[in-house]
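Here is coords14.txt, consisting of compact mmCIF, C-alpha atoms:
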```
# COMPACT_ATOMS: atom_id res chain seq x y z
CA MET P 1 -15.75 -3.57 -31.48
CA GLU P 2 -19.39 -2.70 -31.22
CA LEU P 3 -18.95 1.01 -31.94
CA ALA P 4 -15.97 3.32 -32.07
CA GLY P 5 -15.12 6.86 -33.02
CA THR P 6 -13.23 10.06 -32.30
CA VAL P 7 -14.68 13.31 -31.01
CA TYR P 8 -13.01 16.62 -31.90
CA ARG P 9 -13.40 19.97 -30.18
CA THR P 10 -14.80 21.68 -33.27
CA SER P 11 -15.31 20.65 -36.83
CA ALA P 12 -12.10 22.37 -37.86
CA ASP P 13 -9.95 20.95 -35.05
CA ARG P 14 -7.57 18.09 -35.61
CA ASP P 15 -7.00 17.32 -31.94
CA GLY P 16 -9.41 15.02 -30.20
CA ILE P 17 -11.22 16.26 -27.12
CA ASP P 18 -10.60 14.60 -23.78
CA ASN P 19 -13.43 13.49 -21.50
CA ALA P 20 -16.27 14.29 -23.86
CA GLN P 21 -19.40 12.34 -23.09
CA VAL P 22 -20.78 10.09 -25.81
CA VAL P 23 -24.38 9.10 -25.14
CA ILE P 24 -25.85 6.26 -27.12
CA LYS P 25 -29.26 4.66 -27.05
CA ASP P 26 -29.80 1.47 -28.97
CA ALA P 27 -32.98 -0.13 -30.25
CA ALA P 28 -33.12 -2.47 -27.27
CA GLY P 29 -33.30 0.51 -24.92
CA HIS P 30 -29.74 0.40 -23.62
CA VAL P 31 -28.59 3.90 -22.71
CA LEU P 32 -24.84 4.17 -22.28
CA ASN P 33 -22.62 7.12 -21.43
CA ALA P 34 -19.05 6.73 -22.55
CA ARG P 35 -16.11 9.09 -22.07
CA THR P 36 -13.43 9.85 -24.62
CA ASN P 37 -9.74 9.44 -23.86
CA ARG P 38 -7.08 12.12 -24.34
CA ALA P 39 -7.03 11.52 -28.08
CA GLY P 40 -10.78 11.92 -28.29
CA ASN P 41 -11.34 8.22 -28.91
CA PHE P 42 -14.09 6.07 -27.51
CA PHE P 43 -14.85 2.47 -28.22
CA PHE P 44 -17.48 0.04 -27.08
CA VAL P 45 -16.29 -3.54 -26.92
CA ARG P 46 -18.25 -6.65 -26.09
CA ALA P 47 -16.68 -7.94 -22.89
CA GLY P 48 -17.24 -8.26 -19.18
CA SER P 49 -20.45 -8.91 -17.30
CA THR P 50 -21.68 -5.37 -16.69
CA PRO P 51 -21.31 -2.08 -18.61
CA THR P 52 -18.03 -0.58 -17.47
CA GLN P 53 -16.12 2.54 -18.49
CA PHE P 54 -12.34 2.40 -18.44
CA GLY P 55 -10.05 5.41 -18.40
CA ASN P 56 -8.61 4.83 -21.84
CA GLY P 57 -11.82 5.35 -23.76
CA ARG P 58 -12.73 1.69 -23.58
CA PHE P 59 -16.29 0.89 -22.61
CA GLU P 60 -17.12 -2.73 -22.07
CA ILE P 61 -20.63 -4.04 -22.59
CA PRO P 62 -21.79 -7.64 -22.18
CA PHE P 63 -24.23 -7.50 -25.10
CA ALA P 64 -24.36 -6.60 -28.76
CA LEU P 65 -25.79 -3.20 -29.61
CA SER P 66 -29.11 -3.25 -31.45
CA TYR P 67 -29.73 -1.01 -34.41
CA PRO P 68 -30.81 1.69 -34.96
CA ILE P 69 -28.59 3.54 -32.52
CA ARG P 70 -29.06 7.20 -31.59
CA VAL P 71 -26.00 9.17 -30.55
CA GLY P 72 -25.24 12.47 -28.86
CA VAL P 73 -22.03 14.12 -27.71
CA VAL P 74 -21.69 16.41 -24.70
CA ALA P 75 -18.63 18.65 -24.54
CA GLY P 76 -18.18 21.95 -22.76
CA GLY P 77 -21.75 21.74 -21.53
CA LEU P 78 -23.10 21.64 -25.08
CA LEU P 79 -25.12 18.71 -26.39
CA GLN P 80 -24.77 17.80 -30.05
CA ASN P 81 -27.29 15.21 -31.13
CA MET P 82 -26.68 13.31 -34.32
CA ARG P 83 -29.81 13.96 -36.32
CA SER P 84 -30.00 10.64 -38.07
CA PRO P 85 -29.66 7.23 -36.44
CA ILE P 86 -26.95 4.70 -37.16
CA TRP P 87 -28.51 1.76 -38.96
CA ARG P 88 -25.57 -0.57 -39.42
CA GLU P 89 -22.13 1.08 -39.28
CA GLN P 90 -19.82 0.42 -36.31
CA SER P 91 -17.07 2.84 -37.26
CA CYS P 92 -18.07 6.49 -36.94
CA ALA P 93 -15.27 7.52 -39.29
CA THR P 94 -16.91 5.73 -42.20
CA CYS P 95 -19.42 8.56 -42.41
CA HIS P 96 -17.55 11.23 -40.42
CA SER P 97 -14.25 11.74 -42.19
CA GLY P 98 -12.32 14.70 -43.56
CA GLU P 99 -14.01 17.95 -44.43
CA PRO P 100 -17.76 18.23 -44.84
CA ASP P 101 -18.70 17.27 -48.37
CA GLU P 102 -21.27 15.20 -50.24
CA ASN P 103 -20.18 11.99 -48.51
CA SER P 104 -19.48 13.21 -45.00
CA ASN P 105 -20.64 15.62 -42.35
CA GLY P 106 -16.99 16.05 -41.38
CA HIS P 107 -15.53 15.06 -38.03
CA ILE P 108 -17.64 14.45 -34.96
CA PHE P 109 -17.34 17.58 -32.86
CA GLY P 110 -18.64 18.86 -29.55
CA LEU P 111 -18.49 22.62 -29.86
CA GLU P 112 -20.02 24.80 -32.53
CA THR P 113 -17.80 26.55 -35.04
CA SER P 114 -18.69 30.18 -35.64
CA PRO P 115 -20.19 30.57 -39.12
CA MET D 1 -12.25 -30.93 -91.85
CA ARG D 2 -15.39 -32.45 -90.40
CA GLN D 3 -18.56 -30.43 -91.10
CA LEU D 4 -21.05 -29.45 -88.43
CA PRO D 5 -24.48 -31.01 -88.70
CA HIS D 6 -27.03 -28.74 -90.39
CA VAL D 7 -29.19 -28.64 -87.29
CA LEU D 8 -26.30 -27.41 -85.19
CA VAL D 9 -25.38 -24.75 -87.74
CA LEU D 10 -28.99 -23.59 -87.82
CA LEU D 11 -29.08 -23.42 -84.02
CA ILE D 12 -25.90 -21.34 -83.93
CA VAL D 13 -27.29 -18.93 -86.52
CA VAL D 14 -30.56 -18.58 -84.61
CA LEU D 15 -28.70 -17.86 -81.38
CA MET D 16 -26.47 -15.28 -83.06
CA VAL D 17 -29.43 -13.50 -84.57
CA ALA D 18 -31.20 -13.53 -81.21
CA ALA D 19 -28.13 -12.14 -79.47
CA CYS D 20 -27.95 -9.30 -81.98
CA GLY D 21 -31.40 -8.24 -80.87
CA VAL D 22 -30.21 -7.49 -77.34
CA ASP D 23 -28.26 -4.33 -76.85
CA PRO D 24 -26.90 -4.36 -73.30
CA GLY D 25 -26.11 -0.69 -73.57
CA SER D 26 -29.54 0.43 -74.57
CA PRO D 27 -31.54 2.39 -72.01
CA ASN D 28 -34.46 0.70 -70.33
CA THR D 29 -37.72 2.49 -69.95
CA ILE D 30 -38.78 2.79 -66.34
CA THR D 31 -41.98 4.11 -64.95
CA ALA D 32 -41.52 6.29 -61.91
CA GLY D 33 -44.24 7.24 -59.47
CA ASP D 34 -45.81 10.62 -59.04
CA ALA D 35 -43.16 13.27 -58.41
CA ALA D 36 -45.13 15.42 -56.00
CA LEU D 37 -46.25 12.42 -53.97
CA TYR D 38 -42.70 11.17 -53.82
CA ALA D 39 -41.24 14.49 -52.71
CA THR D 40 -43.81 15.26 -50.07
CA HIS D 41 -44.60 11.90 -48.52
CA VAL D 42 -42.16 9.20 -49.61
CA GLN D 43 -38.81 10.99 -49.49
CA PRO D 44 -39.12 11.99 -45.80
CA TYR D 45 -39.66 8.35 -44.85
CA LEU D 46 -36.80 7.13 -47.04
CA GLU D 47 -34.55 9.87 -45.65
CA ALA D 48 -35.17 8.73 -42.10
CA ARG D 49 -35.16 5.00 -42.73
CA CYS D 50 -32.98 4.21 -45.70
CA ALA D 51 -30.84 7.10 -46.92
CA THR D 52 -28.33 7.52 -44.10
CA LEU D 53 -24.68 7.63 -45.07
CA ASP D 54 -24.10 4.14 -43.69
CA CYS D 55 -26.85 2.60 -45.81
CA HIS D 56 -28.37 3.76 -49.09
CA GLY D 57 -26.75 7.17 -48.82
CA ALA D 58 -23.62 5.71 -50.34
CA GLY D 59 -22.69 5.77 -53.98
CA GLY D 60 -21.80 2.09 -54.17
CA ARG D 61 -25.17 0.76 -53.10
CA ALA D 62 -27.59 -0.84 -55.55
CA LEU D 63 -30.10 1.80 -54.48
CA ARG D 64 -28.48 5.20 -54.08
CA LEU D 65 -30.53 7.86 -52.34
CA TYR D 66 -29.71 11.50 -51.76
CA SER D 67 -30.92 13.20 -48.60
CA GLU D 68 -30.34 16.31 -46.53
CA LEU D 69 -28.44 14.45 -43.81
CA GLY D 70 -26.94 11.78 -46.02
CA LEU D 71 -25.37 11.74 -49.46
CA ARG D 72 -25.56 15.00 -51.41
CA ARG D 73 -25.44 15.32 -55.16
CA ASP D 74 -22.91 18.13 -54.94
CA PRO D 75 -20.30 18.86 -52.24
CA THR D 76 -21.35 22.51 -52.12
CA LEU D 77 -24.65 21.37 -50.64
CA ARG D 78 -22.78 20.57 -47.43
CA ALA D 79 -20.14 23.27 -47.22
CA THR D 80 -20.57 23.49 -43.44
CA PRO D 81 -21.31 20.60 -41.13
CA VAL D 82 -24.82 19.99 -39.91
CA SER D 83 -25.04 20.47 -36.16
CA GLU D 84 -27.38 21.70 -33.46
CA GLY D 85 -26.73 25.21 -34.73
CA HIS D 86 -26.60 24.55 -38.47
CA ASP D 87 -29.46 23.01 -40.39
CA PRO D 88 -28.80 21.06 -43.58
CA THR D 89 -29.25 22.58 -47.00
CA PRO D 90 -32.73 21.60 -48.18
CA ILE D 91 -32.89 18.78 -50.66
CA THR D 92 -32.86 19.99 -54.26
CA ASP D 93 -35.31 19.25 -57.02
CA GLN D 94 -32.57 17.44 -58.93
CA GLU D 95 -31.80 15.20 -55.95
CA LEU D 96 -35.47 14.38 -55.58
CA GLU D 97 -35.77 13.56 -59.26
CA ASP D 98 -32.67 11.36 -59.18
CA ASN D 99 -34.02 9.54 -56.14
CA ARG D 100 -37.41 9.00 -57.73
CA LEU D 101 -35.81 7.46 -60.78
CA ALA D 102 -33.33 5.38 -58.76
CA PHE D 103 -36.19 4.08 -56.69
CA ALA D 104 -38.15 3.16 -59.79
CA ALA D 105 -35.14 1.59 -61.48
CA ILE D 106 -34.62 -1.14 -58.88
CA GLY D 107 -38.11 -2.35 -59.71
CA SER D 108 -37.65 -2.38 -63.46
CA ALA D 109 -36.69 -6.06 -63.64
CA THR D 110 -39.43 -7.40 -61.40
CA SER D 111 -42.36 -9.34 -62.77
CA THR D 112 -45.10 -7.56 -60.87
CA PRO D 113 -45.28 -4.18 -59.16
CA ALA D 114 -45.72 -5.89 -55.78
CA SER D 115 -42.42 -7.73 -56.20
CA HIS D 116 -40.51 -4.44 -56.37
CA LEU D 117 -37.25 -4.84 -54.46
CA ALA D 118 -38.11 -1.84 -52.31
CA LEU D 119 -41.09 -3.79 -50.99
CA LEU D 120 -39.27 -7.07 -50.49
CA LYS D 121 -35.85 -6.15 -49.09
CA PRO D 122 -37.03 -4.37 -45.92
CA LEU D 123 -39.68 -7.01 -45.22
CA ALA D 124 -39.03 -10.00 -42.93
CA VAL D 125 -38.18 -13.11 -44.94
CA SER D 126 -40.80 -15.06 -43.00
CA GLN D 127 -43.40 -12.70 -44.44
CA GLY D 128 -42.29 -13.10 -48.02
CA GLY D 129 -39.45 -10.61 -47.91
CA MET D 130 -35.97 -10.94 -49.31
CA LYS D 131 -32.67 -11.12 -47.44
CA HIS D 132 -31.34 -7.62 -46.82
CA LYS D 133 -27.84 -6.63 -45.77
CA GLY D 134 -29.38 -3.92 -43.65
CA PRO D 135 -32.00 -4.39 -40.97
CA VAL D 136 -35.49 -5.85 -41.26
CA HIS D 137 -37.63 -2.73 -41.25
CA TRP D 138 -41.04 -4.35 -41.50
CA GLN D 139 -42.03 -7.43 -39.53
CA THR D 140 -45.27 -7.68 -41.51
CA THR D 141 -46.96 -6.05 -44.46
CA ALA D 142 -49.18 -4.21 -41.99
CA ASP D 143 -46.28 -1.93 -41.11
CA PRO D 144 -47.09 1.65 -42.16
CA GLY D 145 -43.73 1.84 -43.93
CA TYR D 146 -44.64 -1.06 -46.17
CA ARG D 147 -48.05 0.40 -46.84
CA CYS D 148 -46.54 3.82 -47.56
CA LEU D 149 -44.21 2.46 -50.22
CA ARG D 150 -46.72 -0.01 -51.62
CA GLY D 151 -49.31 2.71 -51.91
CA TYR D 152 -46.84 4.83 -53.83
CA LEU D 153 -45.33 2.06 -56.00
CA VAL D 154 -48.32 -0.18 -56.65
CA GLY D 155 -51.34 1.88 -55.72
CA ASP D 156 -53.51 -1.09 -54.83
CA LEU D 157 -54.19 -0.28 -51.19
CA THR D 158 -57.08 1.67 -49.74
CA ASP D 159 -54.75 3.56 -47.39
CA ASP D 160 -54.46 7.28 -47.75
CA ILE D 161 -50.80 7.59 -48.73
CA PRO D 162 -50.04 10.87 -46.92
CA THR D 163 -51.57 9.50 -43.72
CA VAL D 164 -49.81 6.17 -43.79
CA CYS D 165 -46.47 7.72 -44.78
CA ALA D 166 -46.78 10.18 -41.90
CA ALA D 167 -47.44 7.28 -39.53
CA ALA D 168 -44.39 5.49 -40.89
CA LEU D 169 -42.24 8.57 -40.37
CA ASP D 170 -43.54 9.04 -36.83
CA ALA D 171 -42.67 5.46 -35.97
CA THR D 172 -39.15 5.97 -37.32
CA SER D 173 -38.58 9.24 -35.52
CA ALA D 174 -39.61 7.87 -32.14
CA PRO D 175 -36.66 7.76 -29.72
```

Rewrite the coordinates I just gave you, this time as structure tokens.
Amino acid sequence: MELAGTVYRTSADRDGIDNAQVVIKDAAGHVLNARTNRAGNFFFVRAGSTPTQFGNGRFEIPFALSYPIRVGVVAGGLLQNMRSPIWREQSCATCHSGEPDENSNGHIFGLETSP
Amino acid sequence: MRQLPHVLVLLIVVLMVAACGVDPGSPNTITAGDAALYATHVQPYLEARCATLDCHGAGGRALRLYSELGLRRDPTLRATPVSEGHDPTPITDQELEDNRLAFAAIGSATSTPASHLALLKPLAVSQGGMKHKGPVHWQTTADPGYRCLRGYLVGDLTDDIPTVCAAALDATSAP
């Protein structure tokens, strides 16, 4: 896989959000819009001859992504941009796991949680 | 029992005495750069370029860096997730100090200030750099990032450090 992750409705949710838009821009200038599946998952795989979105969260690309990669998530009309780029990691969950703490910003989420 | 030759015995004694002079647990003295310069001009560049959670913002890395969006020194510093509506907790003085020392420490074993690992690892190997698990950040030593860190670590360039570090940060922040 080139890049994969799960988008949740809010930071506190444990159910993935369906049909969220994941927008990535890599260092080579590729801009790709992927959609999550019903579990909130999306995954870019290197396959095919043209960028193609499938209904199960699979997004095929015929090239390797170039780092750094900038990412944003659109859900419920709200855009959440990741403030720092991805420099090398292909699994979002490596940095986005569990509750927010010193090692993680928590899950990837689309909608704000009331403070 | 056969006796060891005197020369060999002498060599063993010399080696044992020499070994006693090295205490692997003793602290090394490291010289860190200026704290204010680091906090104001170097840390922002390192935060954007090096200290993300997937790189040097991880405890297991040889160079561990704290940052507002990356690794925090204390979990309470990220009690709520950073988002469009929630800014990160500002970096603390202790995190800055730890970073400054960590940054200095990876250069403590190098023979000259210019061979500091922080100047070699991000630089392209073809330009005298060293292989880096992460990306090549500087194609040449003319890159403002290289000049920012060299100005801070070595101090032998004519560049104005705040200016060149700001240029390096701008280049990193560009979409």

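With only C-alpha atoms as the basis for measurement, P:Arg88 is the residue among P:Ala64, P:Gly98, P:Arg88, P:Leu111 that approaches Cys50 (chain D) most closely.
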
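CA of Ala4 (chain P) is positioned 12.1 Å from CA of Cys95 (chain P).
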
Could you produce a table of the residues of region 30-84 of chain P lying within 12 Å of region 127-141 of chain D, with the nearest pair of atoms per residue and their separation in Å rounded to one decimal, using all atoms listed in the file, ordered by chain and increasing residue number, as JSON lines?
```
{"residue": "P:Ser66", "atom": "CA", "partner": "D:Pro135", "partner_atom": "CA", "distance": 10.0}
{"residue": "P:Tyr67", "atom": "CA", "partner": "D:Pro135", "partner_atom": "CA", "distance": 7.7}
{"residue": "P:Pro68", "atom": "CA", "partner": "D:Pro135", "partner_atom": "CA", "distance": 8.6}
```

Neighbouring residues of Leu69 (chain D) were defined as those with any atom within 8 Å, considering only C-alpha atoms; residues of the same chain fewer than 6 positions away were excluded. Please report them as a PyMOL selection string. (chain P and resi 83-84) or (chain D and resi 47+52-53+82+88)

Taking only C-alpha atoms into account, which residues of chain D are within 8 Å of chain P, as a VMD selection string? chain D and resid 48 52 to 55 58 69 to 85 134 to 135 175

Any idea what the distance is between CA of Arg49 (chain D) and CA of Ala34 (chain P)?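 Rounded to one decimal, the two atoms are 25.9 Å apart.
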
Would you work out the distance separating CA of Arg147 (chain D) from CA of Ala105 (chain D), expressed in Å to one decimal?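 These atoms are spaced 19.6 Å apart.
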
Shell around Gly33 (chain D) at 12 Å using all atoms listed in the file, local window under 6 positions removed, as a list in words: Ala39, His41, Val42, Gln43, Leu96, Glu97, Asn99, Arg100, Leu101, Ala102, Phe103, Ala104, Ala105, Gly107, Pro113, Leu149, Arg150, Gly151, Tyr152, Leu153, Val154 and Gly155 of chain D

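If only C-alpha atoms are the atoms counted, then among P:Gly40, P:Asn33, P:Gly77, P:Leu65 the closest residue to Thr52 (chain P) is P:Asn33.
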
Using only C-alpha atoms, which residue out of D:Thr89, D:Ala124, D:Ala118, D:Pro5 lies closest to Cys148 (chain D)?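 Closest to Cys148 (chain D) of all the choices is D:Ala118.
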
Within 9 Å of Asp15 (chain P) using all atoms listed in the file, minus same-chain residues under 4 positions, as a list in words: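 Close residues of Asp15 (chain P): Val7, Tyr8, Arg9, Ala39 and Gly40 of chain P.
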
May I have the centre and edge lengths, in Å to one decimal, of an axis-aligned box around the listed atoms of region 117-123 of chain D with 6 Å added to every side, as AutoDock Vina command-line options?
```
--center_x -38.5 --center_y -4.5 --center_z -49.8 --size_x 17.2 --size_y 17.2 --size_z 21.2
```

Would you kindly return, as a PDB file with C-alpha atoms, keeping the file's coordinate frame, each protein, DNA or RNA residue with an atom no farther than 6 Å from any atom of Arg35 (chain P), considering all atoms listed in the file and excluding same-chain residues fewer than 6 positions away?
```pdb
ATOM      1  CA  ASN P  19     -13.430  13.490 -21.500  1.00  0.00           C
ATOM      2  CA  ALA P  20     -16.270  14.290 -23.860  1.00  0.00           C
ATOM      3  CA  GLN P  21     -19.400  12.340 -23.090  1.00  0.00           C
ATOM      4  CA  GLY P  57     -11.820   5.350 -23.760  1.00  0.00           C
TER       5      GLY P  57
END
```

So, with only C-alpha atoms as the atoms that count, which of P:Ser97, P:Val71, P:Thr10, P:His30 lies closest to Pro51 (chain P)?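 Residue with the minimum atom-to-atom distance to Pro51 (chain P): P:His30.
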